[in-house]
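Trainee: Sharing a structure, written as structure tokens. Questions coming.
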Amino acid sequence: MNPSALSPDQLNLQARARELAAGPVAARAAEVDRTEQYPWDNVELLKDAKLVGMTIPTQYGGQGKNWLDAVLAIEALSSACAVTGRIAVETNMGAISAVMAYGSEEQKKMCADMVLAGDKPAICITEPDAGSDANGMTTRADKKGNRYVLNGRKHWITGGGVSRLHLIFAKVYDEKGTFEGIGGFLAIRDETKGLKITKREPTMGLRGIPEAVIDLEDMDVPPSALVIPPRGLKKGFADLMTAYNSQRVGAATVALGIAEGAYQLALDWSEKRHQFGRPINEFQGLQWKLADMSIKLSAARALVHNAARSGEGGFPDMLMAAQAKVFTSESAIQIVNDALQFFGARGYSRELPLERMARDVRMFTIGGGTAEVLRNVVAGALLKKKLPQTRDGWDKV
Ligand SMILES: Cc1cc2nc3c(=O)[nH]c(=O)nc-3n(C[C@H](O)[C@H](O)[C@H](O)COP(=O)(O)OP(=O)(O)OC[C@H]3O[C@@H](n4cnc5c(N)ncnc54)[C@H](O)[C@@H]3O)c2cc1C
């Protein structure tokens, strides 16, 4: 990217994040993967470097930074450790950005304080029988007197078991049992009665962050826990999806960072490794691979940065965020796979980071909207139609 497109503050932020990534974050990445332990020490590093809660407005203790600022930090961190990059996503985008956009003053203050203290909020949408078709969720919130009582099961919840703050989506019913729409409720692990973490999923990659099953058993919250009210049929869900565009840009950024890290490793190795009496980068077959990798990286970076820029003063544009996530997640898988190939047998070894990167990067065509479903989002935007098979913008009950 043309560095002049970034402000001096952004260049400074990028340099700080790169330094952290190349130093302590890179040093711990393999251990985080091997032990499958959430890297609390990296959270402290991110806090000290002011890389959590950057996008929180200044009146709530944040820095009021924009999405591109967050993207620059996430990209740098993810090139060394995707888990740490994801922590930076979820402490700057996703659930926290939904609270900052739609929450009450009290909710904003509480959530900002928790995130700035190092909590990574969890966003709870997916259920065993409602994945891509999130509108099909069956978790319900029943109004009972001056309370809401939630029952249901969420799964694949990132941070389940380490996150305290949870933003939980449910179908809301009034006291007569009439469906009011989908709403989002705040709950706090170990404080909110009935919120139970019941299983950790054994994952292929990104092993330093738990993915959990969460059971809601008569989870009892006051109306003040409602961040995104149902607003009639599907409107609450539309609010969630608007906010979720920031998370999609964040997810694309982690994939971009992993690919960038893998590409740099391959580039360096291609000079060091000699076969047939010369560096392997003198073989045209590998030169073209490097060229293709760098072309994909530049295109992905442009899409991600433009999607981030489109959210100035609000949330990233849905079409741009979907395009960025589809292209970047798919390209990143190819780039990491090609980078691994440069190392021959060494690439297949757990002593090098390539195999970890290959496992980590595989997630990004799935979580946060699959590549197929995001293509539906793109097609819907192009055709100006609300397609029935997309998570976004379907207003039919
Ligand atoms: C590591 C990880 C972290 C996650 N974190 C969270 C989280 O924090 N919170 C949360 O709520 N969820 C989370 N998820 C869940 C994620 O959002 C879902 O996995 C995703 O939305 C897909 O749902 P599914 O897995 O049920 O797949 P399904 O919806 O069952 O899809 C199966 C396949 O069918 C395809 N498909 C489905 N519908 C269509 C269609 N209309 N057109 C074409 N193809 C289609 C899909 O693309 C996919 O290939 C996470 C997932 C992973 C892997």
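Numbering starts fresh at 1 for the residues of each chain in the structure tokens, the chains themselves are lettered A, B, ... in the order given, and ligands are numbered from 1 as they appear.
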Mind checking which residues fall within 8 Å of Val249 in chain A, counting only C-alpha atoms, ignoring those fewer than 4 positions away in the same chain, and posting them as a VMD selection string?

Mentor: chain A and resid 71 245 253 304 307 to 308 316 321 324 to 325

Trainee: Export, as a PDB file, in the first residue's frame, the selected residues with all heavy atoms.

Mentor:
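result-v9.pdb, freshly written:
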ATOM      1  N   VAL A  71      -7.841  -1.618  11.926  1.00  0.00           N
ATOM      2  CA  VAL A  71      -7.393  -2.575  10.901  1.00  0.00           C
ATOM      3  C   VAL A  71      -5.859  -2.611  10.817  1.00  0.00           C
ATOM      4  O   VAL A  71      -5.259  -3.683  10.708  1.00  0.00           O
ATOM      5  CB  VAL A  71      -8.045  -2.200   9.540  1.00  0.00           C
ATOM      6  CG1 VAL A  71      -7.253  -2.735   8.359  1.00  0.00           C
ATOM      7  CG2 VAL A  71      -9.483  -2.722   9.498  1.00  0.00           C
ATOM      8  N   ASN A 245     -20.969  -5.621  10.249  1.00  0.00           N
ATOM      9  CA  ASN A 245     -20.073  -5.323   9.121  1.00  0.00           C
ATOM     10  C   ASN A 245     -18.682  -4.930   9.611  1.00  0.00           C
ATOM     11  O   ASN A 245     -17.691  -5.159   8.919  1.00  0.00           O
ATOM     12  CB  ASN A 245     -20.671  -4.236   8.231  1.00  0.00           C
ATOM     13  CG  ASN A 245     -21.848  -4.764   7.443  1.00  0.00           C
ATOM     14  OD1 ASN A 245     -21.817  -5.893   6.951  1.00  0.00           O
ATOM     15  ND2 ASN A 245     -22.906  -3.976   7.339  1.00  0.00           N
ATOM     16  N   THR A 253      -9.383  -8.816   8.061  1.00  0.00           N
ATOM     17  CA  THR A 253      -8.062  -8.264   8.388  1.00  0.00           C
ATOM     18  C   THR A 253      -7.159  -9.316   9.026  1.00  0.00           C
ATOM     19  O   THR A 253      -5.954  -9.356   8.760  1.00  0.00           O
ATOM     20  CB  THR A 253      -8.192  -7.055   9.338  1.00  0.00           C
ATOM     21  OG1 THR A 253      -9.128  -6.138   8.793  1.00  0.00           O
ATOM     22  CG2 THR A 253      -6.865  -6.367   9.541  1.00  0.00           C
ATOM     23  N   VAL A 304      -9.886  -4.462   1.946  1.00  0.00           N
ATOM     24  CA  VAL A 304     -10.104  -4.361   3.399  1.00  0.00           C
ATOM     25  C   VAL A 304     -10.010  -2.897   3.840  1.00  0.00           C
ATOM     26  O   VAL A 304     -10.869  -2.399   4.585  1.00  0.00           O
ATOM     27  CB  VAL A 304      -9.075  -5.235   4.165  1.00  0.00           C
ATOM     28  CG1 VAL A 304      -9.106  -4.940   5.655  1.00  0.00           C
ATOM     29  CG2 VAL A 304      -9.348  -6.716   3.921  1.00  0.00           C
ATOM     30  N   ALA A 307     -13.028  -0.968   2.623  1.00  0.00           N
ATOM     31  CA  ALA A 307     -14.230  -1.310   3.407  1.00  0.00           C
ATOM     32  C   ALA A 307     -14.171  -0.602   4.762  1.00  0.00           C
ATOM     33  O   ALA A 307     -15.165  -0.058   5.240  1.00  0.00           O
ATOM     34  CB  ALA A 307     -14.334  -2.818   3.595  1.00  0.00           C
ATOM     35  N   ALA A 308     -12.977  -0.584   5.374  1.00  0.00           N
ATOM     36  CA  ALA A 308     -12.833   0.107   6.667  1.00  0.00           C
ATOM     37  C   ALA A 308     -13.113   1.602   6.501  1.00  0.00           C
ATOM     38  O   ALA A 308     -13.858   2.198   7.290  1.00  0.00           O
ATOM     39  CB  ALA A 308     -11.430  -0.117   7.228  1.00  0.00           C
ATOM     40  N   PRO A 316     -19.003   0.024   8.456  1.00  0.00           N
ATOM     41  CA  PRO A 316     -18.601  -0.246   7.084  1.00  0.00           C
ATOM     42  C   PRO A 316     -19.785  -0.658   6.210  1.00  0.00           C
ATOM     43  O   PRO A 316     -20.741  -1.281   6.683  1.00  0.00           O
ATOM     44  CB  PRO A 316     -17.588  -1.390   7.231  1.00  0.00           C
ATOM     45  CG  PRO A 316     -17.039  -1.229   8.600  1.00  0.00           C
ATOM     46  CD  PRO A 316     -18.189  -0.716   9.437  1.00  0.00           C
ATOM     47  N   ALA A 321     -17.861  -4.681   2.813  1.00  0.00           N
ATOM     48  CA  ALA A 321     -17.373  -5.593   3.866  1.00  0.00           C
ATOM     49  C   ALA A 321     -17.473  -7.047   3.386  1.00  0.00           C
ATOM     50  O   ALA A 321     -16.555  -7.850   3.596  1.00  0.00           O
ATOM     51  CB  ALA A 321     -18.181  -5.399   5.149  1.00  0.00           C
ATOM     52  N   ALA A 324     -14.834  -7.718   0.699  1.00  0.00           N
ATOM     53  CA  ALA A 324     -13.500  -7.798   1.310  1.00  0.00           C
ATOM     54  C   ALA A 324     -13.318  -9.134   2.021  1.00  0.00           C
ATOM     55  O   ALA A 324     -12.276  -9.782   1.911  1.00  0.00           O
ATOM     56  CB  ALA A 324     -13.305  -6.652   2.300  1.00  0.00           C
ATOM     57  N   LYS A 325     -14.356  -9.580   2.730  1.00  0.00           N
ATOM     58  CA  LYS A 325     -14.184 -10.827   3.491  1.00  0.00           C
ATOM     59  C   LYS A 325     -14.105 -12.037   2.556  1.00  0.00           C
ATOM     60  O   LYS A 325     -13.268 -12.917   2.769  1.00  0.00           O
ATOM     61  CB  LYS A 325     -15.291 -11.014   4.531  1.00  0.00           C
ATOM     62  CG  LYS A 325     -15.053 -12.262   5.377  1.00  0.00           C
ATOM     63  CD  LYS A 325     -15.807 -12.277   6.673  1.00  0.00           C
ATOM     64  CE  LYS A 325     -15.530 -13.534   7.484  1.00  0.00           C
ATOM     65  NZ  LYS A 325     -16.065 -14.758   6.895  1.00  0.00           N
TER      66      LYS A 325
END

Trainee: All residues within 7 Å of ligand 1 are required, counting only C-alpha atoms and all ligand atoms; please report them as a JSON list (two decimals) with C-alpha atoms, in the first residue's frame.

Mentor:
[["chain", "number", "residue", "atom", "x", "y", "z"],
["A", 122, "ALA", "CA", -18.51, -12.48, 23.14],
["A", 123, "ILE", "CA", -21.21, -12.17, 20.50],
["A", 124, "CYS", "CA", -23.76, -14.98, 20.66],
["A", 125, "ILE", "CA", -25.85, -15.56, 17.55],
["A", 126, "THR", "CA", -25.21, -19.07, 16.18],
["A", 128, "PRO", "CA", -26.94, -25.78, 16.56],
["A", 129, "ASP", "CA", -29.90, -25.51, 14.14],
["A", 130, "ALA", "CA", -29.41, -21.88, 13.09],
["A", 131, "GLY", "CA", -26.03, -21.11, 11.49],
["A", 132, "SER", "CA", -26.13, -19.25, 8.17],
["A", 133, "ASP", "CA", -29.87, -18.92, 8.65],
["A", 155, "HIS", "CA", -22.63, -22.67, 20.02],
["A", 156, "TRP", "CA", -19.30, -21.71, 18.46],
["A", 157, "ILE", "CA", -19.14, -18.66, 20.68],
["A", 158, "THR", "CA", -15.66, -17.17, 20.51],
["A", 211, "GLU", "CA", -15.05, -21.69, 21.08],
["A", 363, "MET", "CA", -11.50, -20.51, 9.56],
["A", 366, "ILE", "CA", -16.60, -19.91, 7.67],
["A", 367, "GLY", "CA", -16.96, -17.80, 10.82],
["A", 368, "GLY", "CA", -18.82, -14.50, 10.69],
["A", 369, "GLY", "CA", -20.72, -15.43, 7.53],
["A", 370, "THR", "CA", -19.50, -18.12, 5.14],
["A", 371, "ALA", "CA", -18.04, -17.22, 1.75],
["A", 372, "GLU", "CA", -21.16, -18.67, 0.13],
["A", 373, "VAL", "CA", -23.58, -16.67, 2.23],
["A", 376, "ASN", "CA", -25.49, -13.99, -1.51],
["A", 389, "GLN", "CA", -31.09, -16.93, 1.71],
["A", 390, "THR", "CA", -28.92, -14.24, 3.23]]

Trainee: Please provide as a PyMOL selection string all residues within 10 Å of Ser329 in chain A, with the sequence filter that same-chain residues fewer than 2 positions apart are discarded (counting only C-alpha atoms).

Mentor: chain A and resi 251-256+259+300+324-327+331-335+361-366+370-371

Trainee: Return as a PyMOL selection string the full set of residues in range 262-304 of chain A whose backbone-based DSSP assignment is helix (DSSP H, G or I).

Mentor: chain A and resi 262-272+280-282+284-304

Trainee: Keeping only C-alpha atoms, write the selected residues as a PDB file, in the first residue's frame.

Mentor:
ATOM      1  CA  ALA A 262       3.277 -16.360   5.628  1.00  0.00           C
ATOM      2  CA  TYR A 263       4.262 -14.508   2.445  1.00  0.00           C
ATOM      3  CA  GLN A 264       7.141 -12.724   4.210  1.00  0.00           C
ATOM      4  CA  LEU A 265       8.426 -16.044   5.556  1.00  0.00           C
ATOM      5  CA  ALA A 266       8.328 -17.570   2.057  1.00  0.00           C
ATOM      6  CA  LEU A 267      10.022 -14.535   0.512  1.00  0.00           C
ATOM      7  CA  ASP A 268      12.924 -14.693   3.014  1.00  0.00           C
ATOM      8  CA  TRP A 269      13.268 -18.469   2.724  1.00  0.00           C
ATOM      9  CA  SER A 270      13.299 -18.321  -1.081  1.00  0.00           C
ATOM     10  CA  GLU A 271      16.580 -16.371  -0.876  1.00  0.00           C
ATOM     11  CA  LYS A 272      18.147 -18.520   1.862  1.00  0.00           C
ATOM     12  CA  ILE A 280      15.178 -21.317  -5.036  1.00  0.00           C
ATOM     13  CA  ASN A 281      13.867 -17.843  -5.919  1.00  0.00           C
ATOM     14  CA  GLU A 282      15.808 -18.119  -9.179  1.00  0.00           C
ATOM     15  CA  GLN A 284      10.621 -19.011 -12.449  1.00  0.00           C
ATOM     16  CA  GLY A 285       7.929 -21.329 -11.102  1.00  0.00           C
ATOM     17  CA  LEU A 286       8.521 -19.899  -7.615  1.00  0.00           C
ATOM     18  CA  GLN A 287       8.988 -16.324  -8.856  1.00  0.00           C
ATOM     19  CA  TRP A 288       5.507 -16.444 -10.380  1.00  0.00           C
ATOM     20  CA  LYS A 289       4.110 -17.890  -7.166  1.00  0.00           C
ATOM     21  CA  LEU A 290       5.632 -14.960  -5.257  1.00  0.00           C
ATOM     22  CA  ALA A 291       4.214 -12.541  -7.817  1.00  0.00           C
ATOM     23  CA  ASP A 292       0.727 -14.039  -7.528  1.00  0.00           C
ATOM     24  CA  MET A 293       0.894 -13.995  -3.737  1.00  0.00           C
ATOM     25  CA  SER A 294       1.859 -10.327  -3.683  1.00  0.00           C
ATOM     26  CA  ILE A 295      -0.875  -9.422  -6.217  1.00  0.00           C
ATOM     27  CA  LYS A 296      -3.511 -11.154  -4.077  1.00  0.00           C
ATOM     28  CA  LEU A 297      -2.169  -9.470  -0.939  1.00  0.00           C
ATOM     29  CA  SER A 298      -2.291  -6.011  -2.504  1.00  0.00           C
ATOM     30  CA  ALA A 299      -5.815  -6.549  -3.832  1.00  0.00           C
ATOM     31  CA  ALA A 300      -7.016  -7.932  -0.484  1.00  0.00           C
ATOM     32  CA  ARG A 301      -5.433  -5.058   1.428  1.00  0.00           C
ATOM     33  CA  ALA A 302      -7.085  -2.507  -0.856  1.00  0.00           C
ATOM     34  CA  LEU A 303     -10.510  -4.146  -0.378  1.00  0.00           C
ATOM     35  CA  VAL A 304     -10.104  -4.361   3.399  1.00  0.00           C
TER      36      VAL A 304
END

Trainee: Give the answer as one residue: which of A:Ala117, A:Leu68, A:Ala212, A:Met137 has the shortest atom-to-atom distance to Phe315 in chain A, using only C-alpha atoms?

Mentor: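 With only C-alpha atoms as the atom set, the closest residue is A:Leu68.
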
Trainee: For Val172 in chain A, work out the shell of residues within 7 Å, counting only C-alpha atoms and skipping chain neighbours fewer than 3 positions away, then give it as a PyMOL selection string.

Mentor: chain A and resi 140-142+179-183+230

Trainee: Deliver the residues from the most recent selection as a file, using all heavy atoms, as an mmCIF file, in the first residue's frame.

Mentor:
data_model
loop_
_atom_site.group_PDB
_atom_site.id
_atom_site.type_symbol
_atom_site.label_atom_id
_atom_site.label_comp_id
_atom_site.auth_asym_id
_atom_site.auth_seq_id
_atom_site.Cartn_x
_atom_site.Cartn_y
_atom_site.Cartn_z
ATOM 1 N N ARG A 140 -35.186 -17.986 23.012
ATOM 2 C CA ARG A 140 -36.264 -17.022 23.208
ATOM 3 C C ARG A 140 -36.074 -16.221 24.486
ATOM 4 O O ARG A 140 -35.491 -16.694 25.462
ATOM 5 C CB ARG A 140 -37.631 -17.688 23.163
ATOM 6 C CG ARG A 140 -37.835 -18.891 24.038
ATOM 7 C CD ARG A 140 -39.170 -19.540 23.746
ATOM 8 N NE ARG A 140 -40.311 -18.673 24.082
ATOM 9 C CZ ARG A 140 -41.469 -18.692 23.428
ATOM 10 N NH1 ARG A 140 -41.669 -19.517 22.435
ATOM 11 N NH2 ARG A 140 -42.465 -17.880 23.793
ATOM 12 N N ALA A 141 -36.565 -14.999 24.431
ATOM 13 C CA ALA A 141 -36.557 -14.121 25.601
ATOM 14 C C ALA A 141 -38.010 -13.781 25.885
ATOM 15 O O ALA A 141 -38.655 -13.101 25.084
ATOM 16 C CB ALA A 141 -35.769 -12.855 25.297
ATOM 17 N N ASP A 142 -38.523 -14.297 26.981
ATOM 18 C CA ASP A 142 -39.924 -14.054 27.321
ATOM 19 C C ASP A 142 -40.024 -12.964 28.362
ATOM 20 O O ASP A 142 -39.369 -13.035 29.413
ATOM 21 C CB ASP A 142 -40.558 -15.349 27.858
ATOM 22 C CG ASP A 142 -40.745 -16.362 26.749
ATOM 23 O OD1 ASP A 142 -41.703 -16.209 25.979
ATOM 24 O OD2 ASP A 142 -39.909 -17.290 26.634
ATOM 25 N N PHE A 179 -44.702 -12.608 19.301
ATOM 26 C CA PHE A 179 -43.323 -12.404 18.827
ATOM 27 C C PHE A 179 -43.113 -10.929 18.482
ATOM 28 O O PHE A 179 -43.878 -10.338 17.732
ATOM 29 C CB PHE A 179 -43.088 -13.290 17.593
ATOM 30 C CG PHE A 179 -41.735 -13.113 16.956
ATOM 31 C CD1 PHE A 179 -40.575 -13.255 17.704
ATOM 32 C CD2 PHE A 179 -41.626 -12.805 15.605
ATOM 33 C CE1 PHE A 179 -39.321 -13.105 17.113
ATOM 34 C CE2 PHE A 179 -40.372 -12.657 14.999
ATOM 35 C CZ PHE A 179 -39.232 -12.803 15.758
ATOM 36 N N GLU A 180 -42.028 -10.352 19.027
ATOM 37 C CA GLU A 180 -41.761 -8.929 18.787
ATOM 38 C C GLU A 180 -40.568 -8.689 17.872
ATOM 39 O O GLU A 180 -40.316 -7.567 17.457
ATOM 40 C CB GLU A 180 -41.485 -8.222 20.117
ATOM 41 C CG GLU A 180 -42.686 -8.170 21.031
ATOM 42 C CD GLU A 180 -42.455 -7.253 22.217
ATOM 43 O OE1 GLU A 180 -41.411 -7.403 22.891
ATOM 44 O OE2 GLU A 180 -43.288 -6.371 22.447
ATOM 45 N N GLY A 181 -39.785 -9.739 17.592
ATOM 46 C CA GLY A 181 -38.590 -9.561 16.766
ATOM 47 C C GLY A 181 -37.366 -10.087 17.494
ATOM 48 O O GLY A 181 -37.464 -10.628 18.602
ATOM 49 N N ILE A 182 -36.194 -9.922 16.852
ATOM 50 C CA ILE A 182 -34.951 -10.394 17.474
ATOM 51 C C ILE A 182 -34.313 -9.226 18.223
ATOM 52 O O ILE A 182 -34.253 -8.104 17.708
ATOM 53 C CB ILE A 182 -34.003 -10.977 16.395
ATOM 54 C CG1 ILE A 182 -34.573 -12.314 15.896
ATOM 55 C CG2 ILE A 182 -32.589 -11.163 16.939
ATOM 56 C CD1 ILE A 182 -33.801 -12.971 14.775
ATOM 57 N N GLY A 183 -33.875 -9.507 19.434
ATOM 58 C CA GLY A 183 -33.230 -8.467 20.241
ATOM 59 C C GLY A 183 -31.901 -8.968 20.792
ATOM 60 O O GLY A 183 -31.636 -10.172 20.814
ATOM 61 N N PRO A 230 -36.096 -5.322 19.937
ATOM 62 C CA PRO A 230 -36.618 -5.995 18.747
ATOM 63 C C PRO A 230 -37.173 -5.037 17.689
ATOM 64 O O PRO A 230 -37.097 -5.325 16.514
ATOM 65 C CB PRO A 230 -37.696 -6.915 19.307
ATOM 66 C CG PRO A 230 -37.957 -6.479 20.708
ATOM 67 C CD PRO A 230 -36.739 -5.777 21.182
#

Trainee: Please provide the set of residues having any atom within 10 Å of Ser104 in chain A, restricted to only C-alpha atoms, with same-chain residues fewer than 5 positions apart removed, written as a list in words.

Mentor: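 Listed by chain and then number, they are Val99, Lys109, Met110, Ser224, Ala225, Leu226, Val227 and Ile228 of chain A.
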
Trainee: Would you mind exporting the chosen residues as an mmCIF file, in the first residue's frame, restricted to all heavy atoms?

Mentor:
data_model
loop_
_atom_site.group_PDB
_atom_site.id
_atom_site.type_symbol
_atom_site.label_atom_id
_atom_site.label_comp_id
_atom_site.auth_asym_id
_atom_site.auth_seq_id
_atom_site.Cartn_x
_atom_site.Cartn_y
_atom_site.Cartn_z
ATOM 1 N N VAL A 99 -22.700 -2.124 20.948
ATOM 2 C CA VAL A 99 -23.112 -1.448 22.191
ATOM 3 C C VAL A 99 -22.883 0.056 22.060
ATOM 4 O O VAL A 99 -23.740 0.868 22.452
ATOM 5 C CB VAL A 99 -22.340 -2.011 23.407
ATOM 6 C CG1 VAL A 99 -22.674 -1.225 24.672
ATOM 7 C CG2 VAL A 99 -22.644 -3.493 23.610
ATOM 8 N N LYS A 109 -21.095 2.900 29.168
ATOM 9 C CA LYS A 109 -20.057 3.095 30.205
ATOM 10 C C LYS A 109 -19.582 1.753 30.738
ATOM 11 O O LYS A 109 -18.381 1.492 30.861
ATOM 12 C CB LYS A 109 -20.622 3.939 31.359
ATOM 13 C CG LYS A 109 -20.616 5.406 31.064
ATOM 14 C CD LYS A 109 -21.053 6.201 32.301
ATOM 15 C CE LYS A 109 -21.363 7.629 31.886
ATOM 16 N NZ LYS A 109 -22.545 8.185 32.532
ATOM 17 N N MET A 110 -20.532 0.895 31.050
ATOM 18 C CA MET A 110 -20.161 -0.401 31.638
ATOM 19 C C MET A 110 -19.302 -1.212 30.659
ATOM 20 O O MET A 110 -18.249 -1.737 31.019
ATOM 21 C CB MET A 110 -21.422 -1.196 31.998
ATOM 22 C CG MET A 110 -21.102 -2.551 32.591
ATOM 23 S SD MET A 110 -22.560 -3.572 32.838
ATOM 24 C CE MET A 110 -22.777 -4.258 31.218
ATOM 25 N N SER A 224 -33.191 -3.362 31.236
ATOM 26 C CA SER A 224 -32.008 -2.508 30.976
ATOM 27 C C SER A 224 -30.863 -3.302 30.347
ATOM 28 O O SER A 224 -29.869 -2.732 29.909
ATOM 29 C CB SER A 224 -31.529 -1.842 32.275
ATOM 30 O OG SER A 224 -31.188 -2.845 33.208
ATOM 31 N N ALA A 225 -31.001 -4.650 30.278
ATOM 32 C CA ALA A 225 -29.962 -5.458 29.622
ATOM 33 C C ALA A 225 -30.147 -5.479 28.108
ATOM 34 O O ALA A 225 -29.278 -5.942 27.368
ATOM 35 C CB ALA A 225 -30.008 -6.892 30.157
ATOM 36 N N LEU A 226 -31.295 -4.977 27.645
ATOM 37 C CA LEU A 226 -31.601 -5.022 26.208
ATOM 38 C C LEU A 226 -30.834 -3.912 25.490
ATOM 39 O O LEU A 226 -31.099 -2.726 25.699
ATOM 40 C CB LEU A 226 -33.116 -4.844 26.041
ATOM 41 C CG LEU A 226 -33.782 -5.191 24.728
ATOM 42 C CD1 LEU A 226 -33.424 -6.585 24.241
ATOM 43 C CD2 LEU A 226 -35.294 -5.062 24.880
ATOM 44 N N VAL A 227 -29.847 -4.298 24.669
ATOM 45 C CA VAL A 227 -29.044 -3.295 23.936
ATOM 46 C C VAL A 227 -29.693 -3.011 22.594
ATOM 47 O O VAL A 227 -29.771 -1.879 22.140
ATOM 48 C CB VAL A 227 -27.622 -3.844 23.640
ATOM 49 C CG1 VAL A 227 -26.811 -2.845 22.830
ATOM 50 C CG2 VAL A 227 -26.902 -4.182 24.917
ATOM 51 N N ILE A 228 -30.084 -4.098 21.932
ATOM 52 C CA ILE A 228 -30.704 -3.949 20.619
ATOM 53 C C ILE A 228 -32.145 -4.424 20.771
ATOM 54 O O ILE A 228 -32.418 -5.621 20.823
ATOM 55 C CB ILE A 228 -29.942 -4.771 19.558
ATOM 56 C CG1 ILE A 228 -28.502 -4.258 19.474
ATOM 57 C CG2 ILE A 228 -30.635 -4.702 18.208
ATOM 58 C CD1 ILE A 228 -27.673 -4.845 18.368
#
